[in-house]
file model.txt (compact mmCIF, C-alpha atoms)
# COMPACT_ATOMS: atom_id res chain seq x y z
CA MET U 1 -71.31 2.20 58.50
CA ARG U 2 -71.58 -1.49 57.78
CA LEU U 3 -69.12 -3.82 56.11
CA THR U 4 -70.01 -4.87 52.58
CA LYS U 5 -68.36 -7.09 50.00
CA LEU U 6 -66.22 -5.40 47.37
CA GLY U 7 -67.79 -7.78 44.86
CA ASP U 8 -71.05 -5.82 45.21
CA TYR U 9 -69.42 -2.86 43.45
CA ILE U 10 -67.09 -4.37 40.84
CA GLU U 11 -67.27 -6.69 37.84
CA ALA U 12 -64.68 -8.55 35.80
CA PHE U 13 -63.89 -7.22 32.33
CA ASP U 14 -62.56 -9.77 29.85
CA GLU U 15 -62.39 -8.40 26.33
CA ARG U 16 -59.50 -9.55 24.13
CA ASN U 17 -57.53 -7.88 21.37
CA LYS U 18 -59.03 -10.30 18.82
CA ALA U 19 -59.26 -7.72 16.05
CA ASN U 20 -55.62 -6.72 16.70
CA LEU U 21 -56.60 -3.05 16.99
CA PHE U 22 -53.75 -2.52 19.48
CA ASP U 23 -50.09 -3.28 18.85
CA THR U 24 -47.00 -3.75 21.04
CA GLU U 25 -46.92 -0.01 21.82
CA SER U 26 -50.08 -0.51 23.88
CA VAL U 27 -48.77 -3.39 26.00
CA VAL U 28 -48.01 -2.51 29.63
CA GLY U 29 -46.85 -4.39 32.69
CA LEU U 30 -48.19 -4.09 36.22
CA SER U 31 -45.87 -3.27 39.11
CA THR U 32 -45.98 -3.86 42.85
CA GLN U 33 -45.76 -0.06 43.14
CA LYS U 34 -49.34 -0.03 41.83
CA LYS U 35 -48.66 1.55 38.46
CA MET U 36 -48.35 0.67 34.80
CA ILE U 37 -44.80 0.05 33.60
CA GLU U 38 -43.08 -0.90 30.38
CA THR U 39 -43.56 -4.61 29.84
CA LYS U 40 -40.57 -6.88 30.42
CA ALA U 41 -41.91 -9.52 28.03
CA ASP U 42 -40.20 -10.20 24.71
CA LEU U 43 -43.00 -9.51 22.24
CA VAL U 44 -41.09 -10.31 19.05
CA GLY U 45 -43.27 -12.64 16.99
CA VAL U 46 -45.89 -12.87 19.77
CA SER U 47 -49.57 -12.71 18.82
CA LEU U 48 -51.42 -10.07 20.83
CA SER U 49 -54.90 -11.31 19.94
CA ASN U 50 -55.32 -13.00 23.33
CA TYR U 51 -54.09 -10.03 25.36
CA LYS U 52 -56.74 -8.36 27.51
CA LEU U 53 -57.98 -4.83 26.94
CA PHE U 54 -57.26 -2.48 29.85
CA PRO U 55 -59.62 0.47 29.21
CA PRO U 56 -59.80 3.83 31.03
CA GLN U 57 -61.25 3.84 34.57
CA SER U 58 -60.51 0.16 35.08
CA PHE U 59 -58.14 -1.85 37.29
CA ALA U 60 -55.83 -4.75 36.46
CA TYR U 61 -53.87 -7.06 38.73
CA VAL U 62 -51.74 -10.20 38.63
CA ALA U 63 -53.19 -12.89 40.88
CA ASP U 64 -49.80 -14.49 41.65
CA THR U 65 -48.48 -12.94 44.89
CA SER U 66 -45.85 -15.51 45.91
CA ARG U 67 -43.02 -14.23 43.71
CA ARG U 68 -43.49 -10.49 43.95
CA GLY U 69 -41.90 -9.49 47.23
CA GLU U 70 -45.02 -10.14 49.30
CA LYS U 71 -46.92 -7.52 47.28
CA MET U 72 -49.59 -7.48 44.62
CA SER U 73 -48.92 -6.12 41.13
CA LEU U 74 -51.85 -3.85 40.41
CA ALA U 75 -52.60 -0.65 38.49
CA TYR U 76 -55.47 1.75 37.84
CA ASN U 77 -55.85 3.19 34.34
CA ASP U 78 -56.70 6.82 35.02
CA SER U 79 -55.72 7.86 31.49
CA GLU U 80 -57.89 8.26 28.40
CA ASN U 81 -56.09 5.46 26.55
CA THR U 82 -56.82 1.76 26.31
CA TYR U 83 -53.85 -0.53 26.94
CA LEU U 84 -53.17 -4.24 26.72
CA VAL U 85 -52.18 -6.53 29.60
CA SER U 86 -51.21 -10.18 29.65
CA SER U 87 -53.96 -12.77 29.52
CA ILE U 88 -52.93 -13.94 33.01
CA SER U 89 -53.96 -10.56 34.44
CA THR U 90 -57.42 -9.87 35.83
CA VAL U 91 -59.12 -6.70 34.62
CA PHE U 92 -62.13 -5.26 36.43
CA ARG U 93 -64.10 -2.05 36.83
CA ILE U 94 -66.55 -0.41 39.21
CA VAL U 95 -70.24 -0.84 38.35
CA VAL U 96 -71.83 0.92 41.33
CA ASP U 97 -70.08 4.26 40.95
CA TYR U 98 -72.64 6.22 42.97
CA GLN U 99 -71.38 4.43 46.10
CA LEU U 100 -67.70 3.81 45.37
CA SER U 101 -65.19 6.15 43.73
CA ALA U 102 -62.55 4.49 41.55
CA ASP U 103 -59.92 6.89 42.90
CA TYR U 104 -60.93 6.05 46.46
CA LEU U 105 -60.63 2.33 45.72
CA PHE U 106 -57.17 2.92 44.26
CA MET U 107 -56.16 4.66 47.51
CA TYR U 108 -57.48 1.60 49.33
CA PHE U 109 -55.29 -0.69 47.21
CA ASN U 110 -52.24 1.51 47.77
CA ARG U 111 -52.09 0.72 51.47
CA PRO U 112 -49.58 -1.81 52.82
CA GLU U 113 -52.53 -3.31 54.70
CA PHE U 114 -53.99 -4.42 51.38
CA ASP U 115 -50.73 -6.07 50.29
CA ARG U 116 -50.60 -7.96 53.59
CA TYR U 117 -54.26 -8.97 53.27
CA SER U 118 -53.91 -10.20 49.68
CA ARG U 119 -50.72 -12.11 50.51
CA PHE U 120 -52.25 -13.75 53.60
CA ASN U 121 -55.33 -14.77 51.62
CA SER U 122 -53.44 -16.22 48.66
CA TRP U 123 -53.65 -19.96 48.12
CA GLY U 124 -51.88 -22.58 46.05
CA SER U 125 -48.97 -25.04 45.93
CA ALA U 126 -46.37 -24.15 43.29
CA ARG U 127 -47.77 -20.60 43.13
CA GLU U 128 -49.98 -18.83 45.61
CA THR U 129 -52.66 -16.65 44.05
CA PHE U 130 -55.21 -14.07 45.13
CA SER U 131 -58.10 -15.04 42.87
CA TRP U 132 -60.96 -12.96 41.51
CA GLU U 133 -63.24 -14.62 44.03
CA ASP U 134 -60.86 -13.55 46.80
CA MET U 135 -60.94 -9.98 45.49
CA CYS U 136 -64.74 -9.94 45.46
CA ASP U 137 -64.80 -11.40 48.97
CA ILE U 138 -62.97 -8.42 50.51
CA GLU U 139 -65.03 -6.77 53.22
CA ILE U 140 -64.89 -3.02 52.82
CA GLU U 141 -66.30 -0.15 54.86
CA LEU U 142 -67.42 2.74 52.66
CA PRO U 143 -68.06 6.33 53.77
CA PRO U 144 -70.55 8.42 51.77
CA LEU U 145 -69.41 9.31 48.28
CA GLU U 146 -68.97 13.01 49.10
CA ILE U 147 -66.57 12.14 51.93
CA GLN U 148 -64.70 9.73 49.66
CA GLN U 149 -64.32 12.56 47.14
CA LYS U 150 -63.08 14.98 49.80
CA TYR U 151 -60.13 12.72 50.62
CA VAL U 152 -59.56 11.81 46.99
CA ASP U 153 -59.17 15.53 46.27
CA VAL U 154 -56.43 15.75 48.90
CA TYR U 155 -54.69 12.76 47.37
CA LYS U 156 -54.95 14.15 43.84
CA SER U 157 -53.62 17.56 44.85
CA MET U 158 -50.54 15.87 46.29
CA LEU U 159 -50.12 13.87 43.08
CA ALA U 160 -50.44 17.06 41.02
CA ASN U 161 -47.77 18.80 43.08
CA GLN U 162 -45.43 15.84 42.73
CA ALA U 163 -46.07 15.64 38.97
CA CYS U 164 -45.26 19.36 38.63
CA TYR U 165 -42.01 18.81 40.50
CA GLU U 166 -41.20 15.84 38.28
CA ARG U 167 -41.75 17.89 35.11
CA SER U 168 -39.27 20.52 36.34
CA LEU U 169 -36.90 17.66 37.07
CA GLU U 170 -37.10 16.48 33.47
CA ASP U 171 -36.46 20.02 32.28
CA LEU U 172 -33.25 20.01 34.31
CA LYS U 173 -32.24 16.70 32.75
CA LEU U 174 -32.81 18.18 29.30
CA VAL U 175 -30.35 20.94 30.19
CA CYS U 176 -27.74 18.31 31.12
CA ASP U 177 -28.38 16.28 27.97
CA GLY U 178 -28.24 19.40 25.80
CA TYR U 179 -24.95 20.44 27.37
CA ILE U 180 -23.49 17.00 26.67
CA GLU U 181 -24.70 16.99 23.06
CA ASP U 182 -23.22 20.45 22.50
CA LEU U 183 -19.83 19.22 23.72
CA ARG U 184 -20.04 16.17 21.50
CA ARG U 185 -20.49 18.37 18.44
CA LYS U 186 -17.83 20.95 19.31
CA ILE U 187 -14.97 18.95 20.84
CA PRO U 188 -13.23 16.03 19.09
CA PRO U 189 -13.59 12.85 21.18
CA GLU U 190 -10.56 11.19 22.75
CA ARG U 191 -9.95 7.58 23.72
CA LEU U 192 -10.21 6.89 27.46
CA GLU U 193 -7.12 4.68 27.46
CA LYS U 194 -4.67 7.45 28.37
CA TYR U 195 -6.87 8.83 31.16
CA ILE U 196 -7.82 5.68 33.07
CA GLU U 197 -5.78 3.02 34.86
CA ARG U 198 -6.85 -0.54 35.53
CA LYS U 199 -6.62 -1.57 39.19
CA ASN U 200 -6.36 -5.03 40.66
CA ILE U 201 -5.70 -4.38 44.34
CA ARG U 202 -7.02 -7.25 46.44
CA ASN U 203 -8.26 -7.32 50.01
CA TYR U 204 -5.55 -9.84 50.97
CA ASN U 205 -5.43 -8.88 54.66
CA GLY U 206 -9.22 -9.11 54.92
CA GLU U 207 -9.49 -5.78 56.72
CA LEU U 208 -12.24 -4.40 54.48
CA THR U 209 -15.67 -5.90 55.04
CA LEU U 210 -17.96 -3.38 53.29
CA VAL U 211 -19.02 -5.48 50.29
CA MET U 212 -21.10 -3.89 47.53
CA GLY U 213 -22.76 -5.10 44.36
CA LEU U 214 -23.65 -3.11 41.26
CA SER U 215 -27.03 -2.24 39.78
CA THR U 216 -28.28 -1.19 36.38
CA LYS U 217 -29.23 2.12 38.03
CA LYS U 218 -25.48 2.89 37.94
CA GLU U 219 -25.01 2.72 41.69
CA PHE U 220 -23.62 0.46 44.38
CA ARG U 221 -26.11 -1.65 46.34
CA GLU U 222 -26.22 -4.48 48.81
CA PRO U 223 -25.07 -7.74 47.15
CA GLN U 224 -27.99 -9.88 45.96
CA SER U 225 -26.06 -13.11 46.46
CA ARG U 226 -24.91 -14.43 49.80
CA VAL U 227 -21.44 -13.23 50.72
CA ASN U 228 -19.18 -14.84 53.31
CA ARG U 229 -17.58 -11.78 54.90
CA ASP U 230 -14.92 -13.99 56.45
CA LYS U 231 -13.62 -14.86 52.98
CA LEU U 232 -13.11 -11.55 51.22
CA HIS U 233 -9.37 -11.92 50.57
CA THR U 234 -9.71 -12.13 46.78
CA TYR U 235 -12.21 -9.29 46.50
CA LYS U 236 -11.11 -6.13 44.68
CA ILE U 237 -10.72 -2.80 46.49
CA VAL U 238 -12.52 0.25 45.13
CA SER U 239 -11.11 3.50 46.54
CA LYS U 240 -12.83 6.88 46.58
CA ASN U 241 -13.57 8.21 43.05
CA ASP U 242 -12.66 4.85 41.48
CA ILE U 243 -15.13 3.21 39.10
CA ALA U 244 -16.18 -0.44 39.08
CA PHE U 245 -18.18 -2.15 36.34
CA VAL U 246 -19.54 -5.58 35.50
CA PRO U 247 -18.05 -6.78 32.18
CA THR U 248 -21.00 -9.07 31.45
CA THR U 249 -23.73 -7.18 29.55
CA ASP U 250 -26.01 -9.96 28.31
CA THR U 251 -27.70 -10.38 31.72
CA TRP U 252 -29.20 -6.89 31.93
CA LYS U 253 -28.51 -5.58 28.39
CA VAL U 254 -26.89 -2.51 29.95
CA LEU U 255 -23.56 -1.77 31.62
CA ALA U 256 -23.76 -1.91 35.41
CA PHE U 257 -21.22 0.46 36.94
CA ALA U 258 -20.82 2.92 39.81
CA ILE U 259 -18.44 5.53 41.20
CA ASN U 260 -17.29 5.15 44.78
CA THR U 261 -18.44 8.48 46.21
CA MET U 262 -18.23 7.22 49.79
CA SER U 263 -15.55 8.37 52.22
CA GLU U 264 -14.21 4.85 52.68
CA ASP U 265 -12.85 2.04 50.54
CA ILE U 266 -15.16 -0.81 49.61
CA VAL U 267 -14.68 -4.26 48.11
CA VAL U 268 -16.43 -5.80 45.13
CA SER U 269 -16.57 -9.19 43.46
CA PRO U 270 -13.29 -10.29 41.84
CA ILE U 271 -15.11 -10.64 38.51
CA TYR U 272 -15.68 -6.87 38.37
CA GLU U 273 -13.34 -4.46 36.62
CA VAL U 274 -12.00 -1.54 38.69
CA PHE U 275 -10.18 1.53 37.42
CA SER U 276 -9.02 4.94 38.56
CA ILE U 277 -9.19 8.19 36.60
CA ASN U 278 -6.65 10.93 36.03
CA GLN U 279 -8.52 13.53 38.09
CA ARG U 280 -6.41 16.36 36.67
CA LYS U 281 -7.94 15.67 33.26
CA ILE U 282 -11.34 14.05 33.88
CA ILE U 283 -13.71 14.44 36.84
CA SER U 284 -15.15 11.07 37.88
CA GLU U 285 -18.72 12.38 37.86
CA TYR U 286 -18.24 13.78 34.35
CA LEU U 287 -17.18 10.38 33.06
CA GLY U 288 -20.04 8.84 35.03
CA MET U 289 -22.49 11.06 33.16
CA TRP U 290 -21.24 9.69 29.84
CA LEU U 291 -21.35 6.09 31.00
CA SER U 292 -24.91 6.62 32.31
CA ARG U 293 -26.35 7.61 28.95
CA THR U 294 -28.66 5.18 27.16
CA GLU U 295 -26.52 5.75 24.05
CA PHE U 296 -23.53 4.34 25.89
CA ASP U 297 -25.51 1.30 27.08
CA ARG U 298 -26.29 0.56 23.44
CA TYR U 299 -22.65 1.09 22.53
CA ALA U 300 -21.45 -1.27 25.30
CA ARG U 301 -23.97 -3.92 24.33
CA TYR U 302 -23.01 -3.71 20.64
CA ASN U 303 -19.31 -3.97 21.47
CA SER U 304 -19.67 -6.94 23.83
CA TRP U 305 -18.19 -10.23 22.68
CA GLY U 306 -18.30 -13.87 23.75
CA SER U 307 -20.06 -17.18 23.33
CA ALA U 308 -21.71 -18.35 26.56
CA ARG U 309 -21.57 -14.78 27.92
CA GLU U 310 -21.00 -11.51 26.15
CA ASN U 311 -18.50 -9.19 27.84
CA PHE U 312 -17.57 -5.55 27.52
CA ASP U 313 -14.03 -6.06 28.72
CA TRP U 314 -11.25 -3.70 29.81
CA SER U 315 -9.85 -3.30 26.30
CA GLU U 316 -13.26 -2.16 25.05
CA MET U 317 -13.53 0.40 27.87
CA CYS U 318 -10.15 1.81 26.83
CA GLU U 319 -11.48 2.27 23.28
CA VAL U 320 -14.41 4.43 24.42
CA LYS U 321 -14.19 7.97 23.04
CA ILE U 322 -15.63 11.06 24.75
CA PRO U 323 -15.06 14.83 24.43
CA ILE U 324 -12.83 16.07 27.22
CA PRO U 325 -13.28 19.82 27.84
CA PRO U 326 -11.29 21.81 30.43
CA ILE U 327 -11.86 20.80 34.05
CA GLU U 328 -13.78 24.03 34.76
CA ILE U 329 -16.36 23.22 32.09
CA GLN U 330 -16.62 19.63 33.32
CA GLN U 331 -17.28 20.93 36.83
CA ASP U 332 -20.05 23.24 35.60
CA ILE U 333 -21.82 20.30 33.94
CA VAL U 334 -21.30 18.09 36.99
CA ASP U 335 -22.74 20.77 39.28
CA ILE U 336 -25.93 20.90 37.20
CA TYR U 337 -26.09 17.11 37.08
CA ASN U 338 -25.64 16.84 40.86
CA VAL U 339 -28.59 19.20 41.36
CA TYR U 340 -30.61 16.92 39.06
CA ILE U 341 -29.61 13.82 41.07
CA GLU U 342 -30.44 15.56 44.36
CA ARG U 343 -33.87 16.64 43.12
CA LYS U 344 -34.49 13.19 41.68
CA GLU U 345 -33.93 11.72 45.14
CA ILE U 346 -36.33 14.29 46.60
CA ASN U 347 -38.91 13.31 43.99
CA GLU U 348 -38.63 9.64 44.98
CA LYS U 349 -39.18 10.63 48.62
CA LEU U 350 -42.24 12.65 47.61
CA LYS U 351 -43.70 9.65 45.80
CA ALA U 352 -43.04 7.46 48.85
CA GLN U 353 -44.74 10.01 51.12
CA ILE U 354 -47.80 10.11 48.87
CA LYS U 355 -48.05 6.34 49.02
CA ASP U 356 -47.59 6.39 52.80
CA ILE U 357 -50.42 8.88 53.24
CA CYS U 358 -53.04 6.59 51.64
CA PRO U 359 -53.71 4.68 54.90
CA ILE U 360 -54.05 7.99 56.73
CA LEU U 361 -56.54 9.34 54.19
CA ILE U 362 -58.63 6.15 54.25
CA LYS U 363 -58.72 6.18 58.07
CA GLY U 364 -59.59 9.89 58.08
CA SER U 365 -62.53 9.34 55.73
CA LEU U 366 -63.85 6.50 57.90
CA ASP U 367 -63.45 8.52 61.10
CA GLU U 368 -65.25 11.52 59.61
CA SER U 369 -68.15 9.45 58.33
CA SER U 370 -68.63 7.87 61.77
CA LEU U 371 -69.06 11.25 63.53

call {"tool": "encode", "arguments": {"input": "model.txt", "output": "structure tokens"}}
result
Amino acid sequence: MRLTKLGDYIEAFDERNKANLFDTESVVGLSTQKKMIETKADLVGVSLSNYKLFPPQSFAYVADTSRRGEKMSLAYNDSENTYLVSSISTVFRIVVDYQLSADYLFMYFNRPEFDRYSRFNSWGSARETFSWEDMCDIEIELPPLEIQQKYVDVYKSMLANQACYERSLEDLKLVCDGYIEDLRRKIPPERLEKYIERKNIRNYNGELTLVMGLSTKKEFREPQSRVNRDKLHTYKIVSKNDIAFVPTTDTWKVLAFAINTMSEDIVVSPIYEVFSINQRKIISEYLGMWLSRTEFDRYARYNSWGSARENFDWSEMCEVKIPIPPIEIQQDIVDIYNVYIERKEINEKLKAQIKDICPILIKGSLDESSL
């Protein structure tokens, strides 16, 4: 096999939404995970006439690589629908399909080697970009189409298995949501105030050094800002089963909170709110399920107040009302929810494994074609 230029097999596609046939529902973003995502852009009052069409069997990528974690934002539209992407994106498609499979090319793009290549070959001052010319200049080694298809079939079968697992996962989530809705209809809600207690225990002796931040995924994570672990005396202590939340909601538009399910105490920023729960009446995970619902995020955002920053403060948390069934019923719901969380984590691992196998499949196809 000889090396050829990728530009020999692809062409740019630049058709705009001038007739406004597609609305905001068709707009998608492009992620560094190589998939289409919900756009983060505020489209209120924005004209979509200059947005680019992203038709089936085509690729789209964002040339800027300097601000995306050393990765390229790229996606392949393997659906039957046409979408819209920002005018700064580059859309292209394969024109020599009897030598290059679109699915095989997508496997090629899914390798970490491609991210490293595109990042290394990006140029610019304020922003470094991987231009269309750079994309066309990629040297690629192609096995025969039938060998490409053989390895694409392996890849697609893994994707199908993962998708089947994900569908069963969503079914399990529907069970949890249905259970919650049934409780909401049958049991009068009660204010949280009499079941939770605000805590303001500080790390004055500096013994605790495990510092955690909070994410909108409702979990603790490594702090995004720099933390001086020698100056943690004012940080708040979060004990096992305690809940911490960020009062400010205008940054993420949702309430960032988490339950300390670890076996040790941790410390969090002094601006966070921390509270304990009367475990004889409410299981922490049960309350966490309620606070994780999108309905509650909307509630918290609506009931946030302030000028420079809008806060969902401690008094507002005390006013939250939820149905509180007997502990045994709470535990049943929590057990189902924990199975859902466990399987969700397995699903994420499956997706990571599928991505990790792309380099192996590409290498296998090249090795077989060289025999």

call {"tool": "residues_around", "arguments": {"input": "model.txt", "residues": "U:Lys18", "least_positions_apart": "3", "cutoff": "9 Å", "atoms": "only C-alpha atoms", "output": "PyMOL selection string"}}
result
chain U and resi 15+21+48-51

call {"tool": "closest_atom_pairs", "arguments": {"input": "model.txt", "of": "stretch 125-212 of chain U", "to": "stretch 274-295 of chain U", "cutoff": "9 Å", "atoms": "all atoms listed in the file", "output": "JSON lines"}}
result
{"residue": "U:Asp177", "atom": "CA", "partner": "U:Arg293", "partner_atom": "CA", "distance": 9.0}
{"residue": "U:Ile180", "atom": "CA", "partner": "U:Trp290", "partner_atom": "CA", "distance": 8.3}
{"residue": "U:Lys194", "atom": "CA", "partner": "U:Asn278", "partner_atom": "CA", "distance": 8.6}
{"residue": "U:Tyr195", "atom": "CA", "partner": "U:Asn278", "partner_atom": "CA", "distance": 5.3}
{"residue": "U:Ile196", "atom": "CA", "partner": "U:Ile277", "partner_atom": "CA", "distance": 4.5}
{"residue": "U:Glu197", "atom": "CA", "partner": "U:Ser276", "partner_atom": "CA", "distance": 5.3}
{"residue": "U:Arg198", "atom": "CA", "partner": "U:Phe275", "partner_atom": "CA", "distance": 4.4}
{"residue": "U:Lys199", "atom": "CA", "partner": "U:Phe275", "partner_atom": "CA", "distance": 5.0}
{"residue": "U:Asn200", "atom": "CA", "partner": "U:Val274", "partner_atom": "CA", "distance": 6.9}
{"residue": "U:Ile201", "atom": "CA", "partner": "U:Val274", "partner_atom": "CA", "distance": 8.9}

call {"tool": "atom_distance", "arguments": {"input": "model.txt", "atom1": "atom CA of U:Ile324", "atom2": "atom CA of U:Ala258"}}
result
19.9 Å

call {"tool": "residues_around", "arguments": {"input": "model.txt", "residues": "U:Val211", "least_positions_apart": "5", "cutoff": "10 Å", "atoms": "all atoms listed in the file", "output": "NGL selection string"}}
result
:U and (220-223 or 227-229 or 232 or 235-237 or 265-269)

call {"tool": "residues_around", "arguments": {"input": "model.txt", "residues": "U:Ser215", "least_positions_apart": "2", "cutoff": "9 Å", "atoms": "only C-alpha atoms", "output": "compact mmCIF listing (two decimals) with C-alpha atoms, in the frame of the given file"}}
result
# COMPACT_ATOMS: atom_id res chain seq x y z
CA GLY U 213 -22.76 -5.10 44.36
CA LYS U 217 -29.23 2.12 38.03
CA LYS U 218 -25.48 2.89 37.94
CA GLU U 219 -25.01 2.72 41.69
CA PHE U 220 -23.62 0.46 44.38
CA ARG U 221 -26.11 -1.65 46.34
CA LEU U 255 -23.56 -1.77 31.62
CA ALA U 256 -23.76 -1.91 35.41
CA PHE U 257 -21.22 0.46 36.94
CA ALA U 258 -20.82 2.92 39.81

call {"tool": "atom_distance", "arguments": {"input": "model.txt", "atom1": "atom CA of U:Arg116", "atom2": "atom CA of U:Thr65"}}
result
10.2 Å

call {"tool": "atom_distance", "arguments": {"input": "model.txt", "atom1": "atom CA of U:Thr261", "atom2": "atom CA of U:Gln33"}}
result
28.8 Å

call {"tool": "closest_atom_pairs", "arguments": {"input": "model.txt", "of": "stretch 174-269 of chain U", "to": "stretch 299-313 of chain U", "cutoff": "8 Å", "atoms": "all atoms listed in the file", "output": "tab-separated table"}}
result
residue	atom	partner	partner_atom	distance
U:Pro247	CA	U:Phe312	CA	4.8
U:Thr248	CA	U:Asn311	CA	4.4
U:Thr249	CA	U:Asn311	CA	5.9
U:Asp250	CA	U:Glu310	CA	5.7
U:Lys253	CA	U:Arg301	CA	6.3
U:Val254	CA	U:Arg301	CA	6.5
U:Leu255	CA	U:Ala300	CA	6.7

call {"tool": "closest_residue", "arguments": {"input": "model.txt", "among": "U:Ser168, U:Ser157, U:Thr39, U:Gln331", "to": "U:Thr24", "atoms": "only C-alpha atoms"}}
result
U:Thr39

call {"tool": "residues_around", "arguments": {"input": "model.txt", "residues": "U:Gly29", "least_positions_apart": "2", "cutoff": "7 Å", "atoms": "all atoms listed in the file", "output": "PyMOL selection string"}}
result
chain U and resi 31+36-39+85

call {"tool": "closest_residue", "arguments": {"input": "model.txt", "among": "U:Leu105, U:Leu30, U:Val152, U:Val334", "to": "U:Lys173", "atoms": "all atoms listed in the file"}}
result
U:Val334

call {"tool": "closest_residue", "arguments": {"input": "model.txt", "among": "U:Asp242, U:Glu139, U:Glu80, U:Asp23", "to": "U:Met262", "atoms": "only C-alpha atoms"}}
result
U:Asp242

call {"tool": "closest_residue", "arguments": {"input": "model.txt", "among": "U:Leu3, U:Ile362, U:Met317, U:Ile329", "to": "U:Leu192", "atoms": "only C-alpha atoms"}}
result
U:Met317

call {"tool": "residues_around", "arguments": {"input": "model.txt", "residues": "U:Gln148", "least_positions_apart": "2", "cutoff": "10 Å", "atoms": "all atoms listed in the file", "output": "mmCIF file with C-alpha atoms, in the frame of the given file"}}
result
data_model
loop_
_atom_site.group_PDB
_atom_site.id
_atom_site.type_symbol
_atom_site.label_atom_id
_atom_site.label_comp_id
_atom_site.auth_asym_id
_atom_site.auth_seq_id
_atom_site.Cartn_x
_atom_site.Cartn_y
_atom_site.Cartn_z
ATOM 1 C CA GLN U 99 -71.380 4.430 46.100
ATOM 2 C CA LEU U 100 -67.700 3.810 45.370
ATOM 3 C CA SER U 101 -65.190 6.150 43.730
ATOM 4 C CA ALA U 102 -62.550 4.490 41.550
ATOM 5 C CA ASP U 103 -59.920 6.890 42.900
ATOM 6 C CA TYR U 104 -60.930 6.050 46.460
ATOM 7 C CA LEU U 105 -60.630 2.330 45.720
ATOM 8 C CA LEU U 142 -67.420 2.740 52.660
ATOM 9 C CA PRO U 143 -68.060 6.330 53.770
ATOM 10 C CA PRO U 144 -70.550 8.420 51.770
ATOM 11 C CA LEU U 145 -69.410 9.310 48.280
ATOM 12 C CA GLU U 146 -68.970 13.010 49.100
ATOM 13 C CA LYS U 150 -63.080 14.980 49.800
ATOM 14 C CA TYR U 151 -60.130 12.720 50.620
ATOM 15 C CA VAL U 152 -59.560 11.810 46.990
ATOM 16 C CA ASP U 153 -59.170 15.530 46.270
ATOM 17 C CA LEU U 361 -56.540 9.340 54.190
ATOM 18 C CA ILE U 362 -58.630 6.150 54.250
ATOM 19 C CA GLY U 364 -59.590 9.890 58.080
ATOM 20 C CA SER U 365 -62.530 9.340 55.730
ATOM 21 C CA LEU U 366 -63.850 6.500 57.900
ATOM 22 C CA SER U 369 -68.150 9.450 58.330
#

call {"tool": "closest_residue", "arguments": {"input": "model.txt", "among": "U:Tyr83, U:Ile147, U:Asp78, U:Arg67", "to": "U:Glu128", "atoms": "all atoms listed in the file"}}
result
U:Arg67

call {"tool": "closest_residue", "arguments": {"input": "model.txt", "among": "U:Leu208, U:Tyr179, U:Asn81, U:Met135", "to": "U:Asp332", "atoms": "only C-alpha atoms"}}
result
U:Tyr179
